[in-house]
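This report refers to the structure that appears directly beneath it.
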Amino acid sequence: MRRFTVGALVLSAAVLVPNMAVESASPATTAESASARVRQVTIPAGTVLRLRITRGFGSDISRIEDPVSATLARAVVVGGRTVLPAGSTASGYVSEAARAGKVKGRGRVGVRFTRMTPLADNDHYRMQTRSWVAVAPATKKKDALTIGLPAAGGAVIGALIDGKKGAGIGAAAGGGAGTAVVLSTRGKDVHVGRGAVLSVRLASPLTVRVGD
């Protein structure tokens, strides 16, 4: 009976040891195969990201640090491989916002993007883009017209009142009225609406994980 018992223990040990070896090797094999399927790819600085705005902003409606969001309108390809698919989400903030001033100055607004989330992926990557800035068009022609018309009107009225001397006084009065109109009227502001596509450049390399 003793011999049988010892033999049974030895047999059990022989069966258990191989099983333990198999169990300990399995996670390592899985990790190696997983790492073989995923690799890191670096998108170089200067790469242009075509971003479709999903939250509009503007020089008169936004404040610095207001959130801005967008999606990739076109996939980013490196070495023939898509590393950021179209539809990936980019988020950032308003970096500058200035309303159009009186007398001079135009509306100006800028944004930067700081994070990228690939489509159908839980990864979030920090990134740095150059500031994208929009400036409202100049209004010099409109301002000149506003000043000129009252001046001409004043000259006509002055001439009717007191000849040449009256004409000079009328012109000065008319010019002052025109300037007052410009002083009380702001220039144009600039708005970037939802759906607008911006071309934004990476300020530094962006490294992402890509599956094989």
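In the structure tokens, chains take letters A, B, ... by order of appearance, with residues numbered from 1 within each chain and ligands from 1 in the order shown.
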
Neighbours of Leu202 of chain A within 8 Å (only C-alpha atoms; same-chain residues fewer than 2 positions away dropped), as a compact mmCIF listing (two decimals) with C-alpha atoms, in the first residue's frame?
```txt
# COMPACT_ATOMS: atom_id res chain seq x y z
CA PRO A 44 6.29 64.87 -38.36
CA ALA A 45 6.02 68.53 -37.35
CA GLY A 46 4.67 70.71 -40.15
CA THR A 47 2.10 68.13 -41.23
CA VAL A 48 -1.15 69.81 -42.27
CA LEU A 49 -4.32 68.63 -40.52
CA MET A 127 -0.49 67.48 -29.59
CA GLN A 128 0.66 71.01 -30.37
CA THR A 129 -0.49 72.92 -33.42
CA ARG A 130 0.49 76.32 -34.67
CA VAL A 200 -3.78 73.58 -39.25
CA SER A 204 5.74 69.42 -32.98
CA PRO A 205 5.80 65.70 -33.91
CA LEU A 206 2.81 63.59 -32.88
```

Can you pull out the residues contacting Ser62 of chain A? Cut-off 9 Å, using only C-alpha atoms, and skip same-chain residues under 2 positions away; I want them as a PDB file with C-alpha atoms, in the first residue's frame.
```
ATOM      1  CA  PHE A  57     -16.202  80.685 -32.797  1.00  0.00           C
ATOM      2  CA  GLY A  58     -15.720  84.368 -33.614  1.00  0.00           C
ATOM      3  CA  SER A  59     -13.918  87.569 -32.687  1.00  0.00           C
ATOM      4  CA  ASP A  60     -16.999  89.045 -30.981  1.00  0.00           C
ATOM      5  CA  ILE A  64      -9.685  83.309 -24.815  1.00  0.00           C
ATOM      6  CA  GLU A  65      -9.582  79.669 -23.617  1.00  0.00           C
ATOM      7  CA  ASP A  66     -13.106  78.903 -24.847  1.00  0.00           C
ATOM      8  CA  VAL A  94      -9.483  79.942 -28.537  1.00  0.00           C
ATOM      9  CA  GLU A  96      -6.945  85.013 -29.154  1.00  0.00           C
ATOM     10  CA  ALA A  97     -10.154  86.977 -29.692  1.00  0.00           C
ATOM     11  CA  ALA A  98     -10.339  90.714 -30.359  1.00  0.00           C
ATOM     12  CA  VAL A 109      -9.649  85.376 -33.711  1.00  0.00           C
TER      13      VAL A 109
END
```

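Separating atom CA of Tyr125 of chain A from atom CA of Arg55 of chain A is a distance of 20.2 Å.
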
Computed interatomic separation between atom CA of Val68 of chain A and atom CA of Asp121 of chain A (Å): 20.3 Å

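Distances to Arg39 of chain A were evaluated for A:Lys188, A:Arg209, A:Arg106, A:Arg201 using only C-alpha atoms, and the minimum falls at A:Arg209.
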
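For the pair atom CA of Arg112 of chain A and atom CA of Val208 of chain A, the interatomic distance is 19.3 Å.
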